[in-house]
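Novice: Provided herewith: coords03.pdb, PDB, C-alpha atoms.
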ATOM      1  CA  VAL A   1     139.203  94.945  49.697  1.00  0.00           C
ATOM      2  CA  ALA A   2     141.828  92.226  49.458  1.00  0.00           C
ATOM      3  CA  ASP A   3     143.464  93.952  46.488  1.00  0.00           C
ATOM      4  CA  LEU A   4     143.518  97.318  48.269  1.00  0.00           C
ATOM      5  CA  ALA A   5     144.371  96.262  51.838  1.00  0.00           C
ATOM      6  CA  ASP A   6     148.122  96.820  51.543  1.00  0.00           C
ATOM      7  CA  ARG A   7     147.629 100.300  50.109  1.00  0.00           C
ATOM      8  CA  PHE A   8     144.816 101.257  52.510  1.00  0.00           C
ATOM      9  CA  PRO A   9     145.492  99.510  55.845  1.00  0.00           C
ATOM     10  CA  ASP A  10     142.247 100.784  57.423  1.00  0.00           C
ATOM     11  CA  ILE A  11     139.982  99.747  54.544  1.00  0.00           C
ATOM     12  CA  HIS A  12     136.691  98.193  55.617  1.00  0.00           C
ATOM     13  CA  LEU A  13     133.714  97.042  53.571  1.00  0.00           C
ATOM     14  CA  ASP A  14     130.130  97.059  54.811  1.00  0.00           C
ATOM     15  CA  VAL A  15     127.964  94.772  52.671  1.00  0.00           C
ATOM     16  CA  VAL A  16     124.294  95.644  53.013  1.00  0.00           C
ATOM     17  CA  GLY A  17     121.529  93.397  51.746  1.00  0.00           C
ATOM     18  CA  SER A  18     121.116  89.742  51.086  1.00  0.00           C
ATOM     19  CA  GLY A  19     120.051  87.468  48.315  1.00  0.00           C
ATOM     20  CA  ASP A  20     121.076  84.587  46.124  1.00  0.00           C
ATOM     21  CA  TRP A  21     124.722  85.666  46.050  1.00  0.00           C
ATOM     22  CA  MET A  22     125.265  85.899  49.814  1.00  0.00           C
ATOM     23  CA  SER A  23     126.814  82.436  50.112  1.00  0.00           C
ATOM     24  CA  ASN A  24     129.204  83.306  47.250  1.00  0.00           C
ATOM     25  CA  ILE A  25     130.164  86.545  49.022  1.00  0.00           C
ATOM     26  CA  VAL A  26     130.803  84.734  52.311  1.00  0.00           C
ATOM     27  CA  GLU A  27     132.932  82.152  50.490  1.00  0.00           C
ATOM     28  CA  HIS A  28     134.870  84.858  48.632  1.00  0.00           C
ATOM     29  CA  VAL A  29     135.532  86.866  51.814  1.00  0.00           C
ATOM     30  CA  GLU A  30     136.879  83.758  53.527  1.00  0.00           C
ATOM     31  CA  LYS A  31     138.922  82.689  50.488  1.00  0.00           C
ATOM     32  CA  ARG A  32     140.548  86.145  50.200  1.00  0.00           C
ATOM     33  CA  ASN A  33     141.186  86.190  53.970  1.00  0.00           C
ATOM     34  CA  VAL A  34     139.466  89.535  54.615  1.00  0.00           C
ATOM     35  CA  SER A  35     136.841  88.490  57.168  1.00  0.00           C
ATOM     36  CA  ASP A  36     138.262  91.047  59.608  1.00  0.00           C
ATOM     37  CA  ARG A  37     137.785  93.823  57.017  1.00  0.00           C
ATOM     38  CA  VAL A  38     134.247  92.963  55.861  1.00  0.00           C
ATOM     39  CA  THR A  39     130.972  93.214  57.753  1.00  0.00           C
ATOM     40  CA  LEU A  40     128.076  91.328  56.185  1.00  0.00           C
ATOM     41  CA  HIS A  41     125.038  93.150  57.563  1.00  0.00           C
ATOM     42  CA  GLY A  42     122.350  91.352  55.573  1.00  0.00           C
ATOM     43  CA  HIS A  43     119.034  93.172  55.394  1.00  0.00           C
ATOM     44  CA  VAL A  44     119.025  96.339  57.506  1.00  0.00           C
ATOM     45  CA  ASP A  45     116.350  98.872  58.406  1.00  0.00           C
ATOM     46  CA  LEU A  46     116.228 102.256  56.682  1.00  0.00           C
ATOM     47  CA  ASN A  47     117.949 104.131  59.517  1.00  0.00           C
ATOM     48  CA  THR A  48     120.846 101.683  59.614  1.00  0.00           C
ATOM     49  CA  LYS A  49     121.234 101.815  55.834  1.00  0.00           C
ATOM     50  CA  HIS A  50     121.415 105.607  55.862  1.00  0.00           C
ATOM     51  CA  TYR A  51     123.791 105.601  58.818  1.00  0.00           C
ATOM     52  CA  LEU A  52     126.163 103.236  56.991  1.00  0.00           C
ATOM     53  CA  LEU A  53     125.946 105.306  53.805  1.00  0.00           C
ATOM     54  CA  SER A  54     126.638 108.507  55.727  1.00  0.00           C
ATOM     55  CA  GLN A  55     129.818 106.973  57.173  1.00  0.00           C
ATOM     56  CA  ALA A  56     131.133 105.670  53.842  1.00  0.00           C
ATOM     57  CA  ALA A  57     133.986 107.216  51.890  1.00  0.00           C
ATOM     58  CA  VAL A  58     132.875 105.517  48.669  1.00  0.00           C
ATOM     59  CA  MET A  59     129.817 103.484  47.693  1.00  0.00           C
ATOM     60  CA  ALA A  60     130.833 100.483  45.580  1.00  0.00           C
ATOM     61  CA  MET A  61     128.075  98.956  43.448  1.00  0.00           C
ATOM     62  CA  PRO A  62     129.576  95.722  42.090  1.00  0.00           C
ATOM     63  CA  SER A  63     126.352  94.539  40.456  1.00  0.00           C
ATOM     64  CA  LEU A  64     126.666  93.263  36.921  1.00  0.00           C
ATOM     65  CA  LYS A  65     122.972  93.964  36.392  1.00  0.00           C
ATOM     66  CA  GLU A  66     121.317  96.859  38.156  1.00  0.00           C
ATOM     67  CA  GLY A  67     118.073  98.713  37.743  1.00  0.00           C
ATOM     68  CA  TRP A  68     118.013 102.461  38.057  1.00  0.00           C
ATOM     69  CA  GLY A  69     120.464 102.544  40.958  1.00  0.00           C
ATOM     70  CA  LEU A  70     118.472 103.941  43.870  1.00  0.00           C
ATOM     71  CA  THR A  71     121.229 103.039  46.337  1.00  0.00           C
ATOM     72  CA  ILE A  72     123.643 105.147  44.291  1.00  0.00           C
ATOM     73  CA  LEU A  73     121.355 108.157  44.713  1.00  0.00           C
ATOM     74  CA  GLU A  74     120.906 107.371  48.401  1.00  0.00           C
ATOM     75  CA  ALA A  75     124.700 107.451  48.784  1.00  0.00           C
ATOM     76  CA  GLY A  76     124.757 110.697  46.824  1.00  0.00           C
ATOM     77  CA  TYR A  77     122.251 112.172  49.245  1.00  0.00           C
ATOM     78  CA  HIS A  78     124.975 111.701  51.881  1.00  0.00           C
ATOM     79  CA  ALA A  79     127.606 113.259  49.555  1.00  0.00           C
ATOM     80  CA  VAL A  80     129.219 109.883  48.920  1.00  0.00           C
ATOM     81  CA  PRO A  81     130.402 109.227  45.346  1.00  0.00           C
ATOM     82  CA  SER A  82     129.820 105.795  43.817  1.00  0.00           C
ATOM     83  CA  VAL A  83     131.792 103.405  41.648  1.00  0.00           C
ATOM     84  CA  ALA A  84     129.838 100.986  39.459  1.00  0.00           C
ATOM     85  CA  PHE A  85     129.953  98.997  36.246  1.00  0.00           C
ATOM     86  CA  ARG A  86     128.801 100.902  33.168  1.00  0.00           C
ATOM     87  CA  HIS A  87     127.261  97.823  31.520  1.00  0.00           C
ATOM     88  CA  ALA A  88     125.093  97.040  34.574  1.00  0.00           C
ATOM     89  CA  GLY A  89     122.241  99.087  33.127  1.00  0.00           C
ATOM     90  CA  GLY A  90     120.704 101.756  35.304  1.00  0.00           C
ATOM     91  CA  THR A  91     124.053 102.842  36.716  1.00  0.00           C
ATOM     92  CA  GLN A  92     124.494 105.034  33.653  1.00  0.00           C
ATOM     93  CA  GLU A  93     121.405 106.970  34.700  1.00  0.00           C
ATOM     94  CA  SER A  94     122.324 107.302  38.382  1.00  0.00           C
ATOM     95  CA  ILE A  95     126.022 108.168  37.988  1.00  0.00           C
ATOM     96  CA  GLN A  96     127.299 111.064  35.935  1.00  0.00           C
ATOM     97  CA  ASP A  97     130.653 109.525  35.042  1.00  0.00           C
ATOM     98  CA  GLY A  98     133.576 111.566  36.324  1.00  0.00           C
ATOM     99  CA  HIS A  99     131.238 114.048  38.008  1.00  0.00           C
ATOM    100  CA  THR A 100     129.149 112.219  40.656  1.00  0.00           C
ATOM    101  CA  GLY A 101     131.057 108.951  40.560  1.00  0.00           C
ATOM    102  CA  ILE A 102     132.954 106.584  38.321  1.00  0.00           C
ATOM    103  CA  LEU A 103     131.606 104.108  35.774  1.00  0.00           C
ATOM    104  CA  CYS A 104     133.896 101.191  34.941  1.00  0.00           C
ATOM    105  CA  ASP A 105     134.104  98.573  32.225  1.00  0.00           C
ATOM    106  CA  THR A 106     136.337  95.997  33.929  1.00  0.00           C
ATOM    107  CA  THR A 107     137.012  94.643  37.405  1.00  0.00           C
ATOM    108  CA  GLU A 108     140.455  96.248  37.298  1.00  0.00           C
ATOM    109  CA  GLU A 109     138.906  99.642  36.519  1.00  0.00           C
ATOM    110  CA  PHE A 110     136.403  99.115  39.352  1.00  0.00           C
ATOM    111  CA  THR A 111     139.198  98.506  41.861  1.00  0.00           C
ATOM    112  CA  HIS A 112     141.222 101.392  40.426  1.00  0.00           C
ATOM    113  CA  GLY A 113     138.191 103.722  40.660  1.00  0.00           C
ATOM    114  CA  ILE A 114     137.704 102.916  44.330  1.00  0.00           C
ATOM    115  CA  ALA A 115     141.425 103.395  44.984  1.00  0.00           C
ATOM    116  CA  ALA A 116     141.466 106.725  43.135  1.00  0.00           C
ATOM    117  CA  LEU A 117     138.661 108.062  45.315  1.00  0.00           C
ATOM    118  CA  LEU A 118     140.206 106.706  48.508  1.00  0.00           C
ATOM    119  CA  ASP A 119     143.520 108.315  47.529  1.00  0.00           C
ATOM    120  CA  SER A 120     142.079 111.778  46.968  1.00  0.00           C
ATOM    121  CA  ARG A 121     140.009 113.386  49.714  1.00  0.00           C
ATOM    122  CA  GLU A 122     139.635 116.420  47.413  1.00  0.00           C
ATOM    123  CA  GLN A 123     138.262 114.393  44.486  1.00  0.00           C
ATOM    124  CA  ARG A 124     135.986 112.445  46.828  1.00  0.00           C
ATOM    125  CA  ALA A 125     134.606 115.664  48.296  1.00  0.00           C
ATOM    126  CA  LYS A 126     134.130 117.231  44.858  1.00  0.00           C
ATOM    127  CA  MET A 127     132.318 114.199  43.440  1.00  0.00           C
ATOM    128  CA  GLY A 128     130.404 113.709  46.687  1.00  0.00           C
ATOM    129  CA  ALA A 129     129.117 117.295  46.596  1.00  0.00           C
ATOM    130  CA  ALA A 130     128.061 116.854  42.957  1.00  0.00           C
ATOM    131  CA  ALA A 131     126.412 113.520  43.820  1.00  0.00           C
ATOM    132  CA  ARG A 132     124.394 115.238  46.550  1.00  0.00           C
ATOM    133  CA  VAL A 133     123.207 118.003  44.206  1.00  0.00           C
ATOM    134  CA  PHE A 134     122.245 115.366  41.631  1.00  0.00           C
ATOM    135  CA  ALA A 135     120.464 113.175  44.204  1.00  0.00           C
ATOM    136  CA  LEU A 136     118.443 116.086  45.588  1.00  0.00           C
ATOM    137  CA  ARG A 137     116.914 116.591  42.137  1.00  0.00           C
ATOM    138  CA  PHE A 138     114.869 113.442  42.689  1.00  0.00           C
ATOM    139  CA  ASP A 139     111.890 113.495  45.022  1.00  0.00           C
ATOM    140  CA  TRP A 140     108.430 111.973  44.912  1.00  0.00           C
ATOM    141  CA  GLU A 141     106.513 115.245  45.217  1.00  0.00           C
ATOM    142  CA  ARG A 142     108.326 116.860  42.295  1.00  0.00           C
ATOM    143  CA  THR A 143     108.031 113.690  40.230  1.00  0.00           C
ATOM    144  CA  GLY A 144     104.282 113.532  40.892  1.00  0.00           C
ATOM    145  CA  THR A 145     103.829 117.190  39.972  1.00  0.00           C
ATOM    146  CA  GLU A 146     105.798 116.817  36.739  1.00  0.00           C
ATOM    147  CA  LEU A 147     103.880 113.667  35.786  1.00  0.00           C
ATOM    148  CA  THR A 148     100.559 115.386  36.462  1.00  0.00           C
ATOM    149  CA  GLU A 149     101.592 118.364  34.323  1.00  0.00           C
ATOM    150  CA  LEU A 150     102.691 116.065  31.508  1.00  0.00           C
ATOM    151  CA  LEU A 151      99.416 114.137  31.585  1.00  0.00           C
ATOM    152  CA  GLU A 152      97.395 117.357  31.615  1.00  0.00           C
ATOM    153  CA  GLN A 153      99.322 118.599  28.568  1.00  0.00           C
ATOM    154  CA  GLN A 154      98.635 115.352  26.720  1.00  0.00           C
ATOM    155  CA  THR A 155      94.901 115.399  27.448  1.00  0.00           C
ATOM    156  CA  GLN A 156      94.611 118.898  25.994  1.00  0.00           C
ATOM    157  CA  PHE A 157      95.467 117.633  22.493  1.00  0.00           C
TER
END
Could you render the structure as structure tokens?
Specialist:
Amino acid sequence: VADLADRFPDIHLDVVGSGDWMSNIVEHVEKRNVSDRVTLHGHVDLNTKHYLLSQAAVMAMPSLKEGWGLTILEAGYHAVPSVAFRHAGGTQESIQDGHTGILCDTTEEFTHGIAALLDSREQRAKMGAAARVFALRFDWERTGTELTELLEQQTQF
């Protein structure tokens, strides 16, 4: 946010969640003098999380280690493309690089990826639409049905 504030005067970051890094985030926000541009929500209920995602232009996943990336798919459900680090792990499974979002290798690429999406409403809409199609492929009922079918096939051998 601090690096992009001059270029995007209305930029605002909503940080959702809490954990061991929260004190570091608070310190960093204060150090970079962007307290007026960052809202630290902490833990929120499901409705609030989906409201915030639905209002986002881009979902930034700065984690250096991430599981499958459920939040990325939740953002995709709202047609919001994501930017994340490739080496974080599960981000490679939840983002189709260049199609539903952007995978980055460095902090500079991460910032540039966010800026590129903020710069181009057309690219954001295109990736957001693809992210929604991708996210809608995942649901518990379909997953359960496919798992049941797989197990039934295996027991027939």
Novice: Just the residues within 8 Å of Asp14 (chain A), please, counting all atoms listed in the file, with nothing from its chain fewer than 2 positions along; format it as a ChimeraX atom specification.
Specialist: /A:12,16,38-41,52
Novice: Convert the current residue selection to file output with C-alpha atoms, as a compact mmCIF listing (two decimals), in the frame of the given file.
Specialist:
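Saved as out-v9.txt:
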# COMPACT_ATOMS: atom_id res chain seq x y z
CA HIS A 12 136.69 98.19 55.62
CA VAL A 16 124.29 95.64 53.01
CA VAL A 38 134.25 92.96 55.86
CA THR A 39 130.97 93.21 57.75
CA LEU A 40 128.08 91.33 56.18
CA HIS A 41 125.04 93.15 57.56
CA LEU A 52 126.16 103.24 56.99
Novice: Given the file shown, determine the residues that the PyMOL selection byres ((chain A and resi 107) around 12) selects; report them as a CSV table (one decimal) with C-alpha atoms, keeping the file's coordinate frame.
Specialist:
chain,number,residue,atom,x,y,z
A,3,ASP,CA,143.5,94.0,46.5
A,60,ALA,CA,130.8,100.5,45.6
A,61,MET,CA,128.1,99.0,43.4
A,62,PRO,CA,129.6,95.7,42.1
A,63,SER,CA,126.4,94.5,40.5
A,64,LEU,CA,126.7,93.3,36.9
A,83,VAL,CA,131.8,103.4,41.6
A,84,ALA,CA,129.8,101.0,39.5
A,85,PHE,CA,130.0,99.0,36.2
A,86,ARG,CA,128.8,100.9,33.2
A,87,HIS,CA,127.3,97.8,31.5
A,103,LEU,CA,131.6,104.1,35.8
A,104,CYS,CA,133.9,101.2,34.9
A,105,ASP,CA,134.1,98.6,32.2
A,106,THR,CA,136.3,96.0,33.9
A,108,GLU,CA,140.5,96.2,37.3
A,109,GLU,CA,138.9,99.6,36.5
A,110,PHE,CA,136.4,99.1,39.4
A,111,THR,CA,139.2,98.5,41.9
A,112,HIS,CA,141.2,101.4,40.4
A,113,GLY,CA,138.2,103.7,40.7
A,114,ILE,CA,137.7,102.9,44.3
Novice: Of the candidates A:Asp10, A:Glu27, A:Glu74, A:Asp36, which one gets nearest to Ala131 (chain A) if we count all atoms listed in the file?
Specialist: A:Glu74
Novice: For the atom pair CA of Thr100 (chain A) and CA of Ser82 (chain A), what is the interatomic distance in Å to one decimal place?
Specialist: 7.2 Å
Novice: Using all atoms listed in the file, which protein or nucleic acid residues come within 10 Å of His50 (chain A)? Drop anything in the same chain fewer than 5 positions from it, and give the result as a list of chain:residue names.
Specialist: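 Near neighbours after the sequence-gap exclusion: A:Val44, A:Asp45, A:Gln55, A:Ala56, A:Thr71, A:Glu74, A:Ala75, A:Tyr77, A:His78.
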Novice: Excluding Ala115 (chain A) and its own-chain neighbours fewer than 6 positions away, which residues fall within 12 Å of it when counting all atoms listed in the file? Please give them as a ChimeraX atom specification.
Specialist: /A:1,3-8,11,57-60,82-83,102,108-109,121,123-124
Novice: Have a look at A:Gln153, A:Pro81, A:Tyr51, A:Asp97 and name the one nearest to Gly128 (chain A); count only C-alpha atoms.
Specialist: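 Distance minimum relative to Gly128 (chain A) lands on A:Pro81.
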Novice: Can you work out the spacing between CA of Ala2 (chain A) and CA of Asn33 (chain A) in Å, to one decimal?
Specialist: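 Those two atoms sit 7.6 Å apart.
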Novice: Between CA of Gly98 (chain A) and CA of Ala129 (chain A), what is the spacing in Å?
Specialist: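 These two atoms are separated by 12.6 Å.
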Novice: Would you please work out which residue, of A:Ser18, A:Ser120, A:Asn47, A:Thr91, is nearest to Ile72 (chain A) when using only C-alpha atoms?
Specialist: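 Closest to Ile72 (chain A), using only C-alpha atoms: A:Thr91.
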Novice: From the list A:Gly90, A:Arg32, A:Leu147, A:Gly17, which residue is nearest Leu46 (chain A) when using only C-alpha atoms?
Specialist: A:Gly17
Novice: Which is closest to Ile95 (chain A) among A:Leu118, A:Leu73, A:Val80, A:Ile25, if we use only C-alpha atoms?
Specialist: A:Leu73
Novice: To box region 19-38 of chain A, take all atoms listed in the file, fit an axis-aligned box, add 8 Å on each side, and give centre and edge lengths in Å to one decimal, as lines of an AutoDock Vina configuration file.
Specialist:
center_x = 130.6
center_y = 88.0
center_z = 52.8
size_x = 37.1
size_y = 27.7
size_z = 29.6
Novice: Mind writing region 66-77 of chain A to a file for me, with all heavy atoms, as an mmCIF file, in the first residue's frame?
Specialist:
data_model
loop_
_atom_site.group_PDB
_atom_site.id
_atom_site.type_symbol
_atom_site.label_atom_id
_atom_site.label_comp_id
_atom_site.auth_asym_id
_atom_site.auth_seq_id
_atom_site.Cartn_x
_atom_site.Cartn_y
_atom_site.Cartn_z
ATOM 1 N N GLU A 66 1.414 -21.201 2.414
ATOM 2 C CA GLU A 66 -0.038 -21.243 2.349
ATOM 3 C C GLU A 66 -0.465 -22.647 1.959
ATOM 4 O O GLU A 66 0.153 -23.281 1.114
ATOM 5 C CB GLU A 66 -0.535 -20.239 1.305
ATOM 6 C CG GLU A 66 -2.019 -20.045 1.271
ATOM 7 C CD GLU A 66 -2.568 -19.448 2.551
ATOM 8 O OE1 GLU A 66 -1.894 -18.614 3.190
ATOM 9 O OE2 GLU A 66 -3.682 -19.841 2.937
ATOM 10 N N GLY A 67 -1.539 -23.095 2.575
ATOM 11 C CA GLY A 67 -2.104 -24.379 2.192
ATOM 12 C C GLY A 67 -2.719 -24.272 0.812
ATOM 13 O O GLY A 67 -2.204 -23.587 -0.064
ATOM 14 N N TRP A 68 -3.845 -24.859 0.638
ATOM 15 C CA TRP A 68 -4.474 -24.911 -0.681
ATOM 16 C C TRP A 68 -4.891 -23.541 -1.182
ATOM 17 O O TRP A 68 -4.926 -23.296 -2.380
ATOM 18 C CB TRP A 68 -5.668 -25.864 -0.608
ATOM 19 C CG TRP A 68 -6.354 -26.043 -1.906
ATOM 20 C CD1 TRP A 68 -5.794 -26.439 -3.084
ATOM 21 C CD2 TRP A 68 -7.727 -25.814 -2.176
ATOM 22 N NE1 TRP A 68 -6.742 -26.494 -4.063
ATOM 23 C CE2 TRP A 68 -7.947 -26.116 -3.529
ATOM 24 C CE3 TRP A 68 -8.799 -25.412 -1.410
ATOM 25 C CZ2 TRP A 68 -9.183 -26.025 -4.121
ATOM 26 C CZ3 TRP A 68 -10.035 -25.319 -2.005
ATOM 27 C CH2 TRP A 68 -10.216 -25.624 -3.341
ATOM 28 N N GLY A 69 -5.235 -22.625 -0.356
ATOM 29 C CA GLY A 69 -5.613 -21.287 -0.785
ATOM 30 C C GLY A 69 -7.112 -21.094 -0.898
ATOM 31 O O GLY A 69 -7.605 -20.549 -1.884
ATOM 32 N N LEU A 70 -7.848 -21.527 0.108
ATOM 33 C CA LEU A 70 -9.301 -21.404 0.096
ATOM 34 C C LEU A 70 -9.745 -19.956 -0.074
ATOM 35 O O LEU A 70 -10.676 -19.662 -0.821
ATOM 36 C CB LEU A 70 -9.901 -21.994 1.381
ATOM 37 C CG LEU A 70 -11.419 -21.894 1.522
ATOM 38 C CD1 LEU A 70 -12.111 -22.630 0.385
ATOM 39 C CD2 LEU A 70 -11.864 -22.453 2.866
ATOM 40 N N THR A 71 -9.071 -19.029 0.585
ATOM 41 C CA THR A 71 -9.446 -17.618 0.481
ATOM 42 C C THR A 71 -9.319 -17.126 -0.959
ATOM 43 O O THR A 71 -10.101 -16.285 -1.407
ATOM 44 C CB THR A 71 -8.589 -16.758 1.424
ATOM 45 O OG1 THR A 71 -8.707 -17.281 2.743
ATOM 46 C CG2 THR A 71 -9.025 -15.319 1.426
ATOM 47 N N ILE A 72 -8.359 -17.647 -1.684
ATOM 48 C CA ILE A 72 -8.192 -17.284 -3.093
ATOM 49 C C ILE A 72 -9.429 -17.711 -3.885
ATOM 50 O O ILE A 72 -9.948 -16.957 -4.706
ATOM 51 C CB ILE A 72 -6.905 -17.912 -3.664
ATOM 52 C CG1 ILE A 72 -5.680 -17.253 -3.012
ATOM 53 C CG2 ILE A 72 -6.863 -17.799 -5.184
ATOM 54 C CD1 ILE A 72 -4.373 -17.967 -3.248
ATOM 55 N N LEU A 73 -9.912 -18.916 -3.624
ATOM 56 C CA LEU A 73 -11.124 -19.382 -4.306
ATOM 57 C C LEU A 73 -12.352 -18.614 -3.844
ATOM 58 O O LEU A 73 -13.258 -18.342 -4.638
ATOM 59 C CB LEU A 73 -11.310 -20.880 -4.102
ATOM 60 C CG LEU A 73 -10.267 -21.744 -4.811
ATOM 61 C CD1 LEU A 73 -10.504 -23.212 -4.522
ATOM 62 C CD2 LEU A 73 -10.264 -21.498 -6.301
ATOM 63 N N GLU A 74 -12.393 -18.245 -2.573
ATOM 64 C CA GLU A 74 -13.510 -17.436 -2.084
ATOM 65 C C GLU A 74 -13.530 -16.074 -2.787
ATOM 66 O O GLU A 74 -14.594 -15.570 -3.150
ATOM 67 C CB GLU A 74 -13.430 -17.265 -0.567
ATOM 68 C CG GLU A 74 -13.726 -18.547 0.179
ATOM 69 C CD GLU A 74 -13.468 -18.440 1.674
ATOM 70 O OE1 GLU A 74 -12.539 -17.720 2.086
ATOM 71 O OE2 GLU A 74 -14.207 -19.094 2.428
ATOM 72 N N ALA A 75 -12.370 -15.485 -2.995
ATOM 73 C CA ALA A 75 -12.294 -14.226 -3.748
ATOM 74 C C ALA A 75 -12.748 -14.468 -5.184
ATOM 75 O O ALA A 75 -13.513 -13.667 -5.742
ATOM 76 C CB ALA A 75 -10.874 -13.672 -3.714
ATOM 77 N N GLY A 76 -12.297 -15.568 -5.762
ATOM 78 C CA GLY A 76 -12.699 -15.908 -7.123
ATOM 79 C C GLY A 76 -14.199 -16.055 -7.259
ATOM 80 O O GLY A 76 -14.785 -15.656 -8.273
ATOM 81 N N TYR A 77 -14.835 -16.603 -6.250
ATOM 82 C CA TYR A 77 -16.287 -16.733 -6.251
ATOM 83 C C TYR A 77 -16.953 -15.369 -6.474
ATOM 84 O O TYR A 77 -17.992 -15.259 -7.107
ATOM 85 C CB TYR A 77 -16.755 -17.357 -4.935
ATOM 86 C CG TYR A 77 -18.251 -17.456 -4.816
ATOM 87 C CD1 TYR A 77 -18.948 -18.483 -5.451
ATOM 88 C CD2 TYR A 77 -18.970 -16.515 -4.086
ATOM 89 C CE1 TYR A 77 -20.332 -18.561 -5.353
ATOM 90 C CE2 TYR A 77 -20.352 -16.589 -3.991
ATOM 91 C CZ TYR A 77 -21.031 -17.610 -4.626
ATOM 92 O OH TYR A 77 -22.389 -17.684 -4.547
#
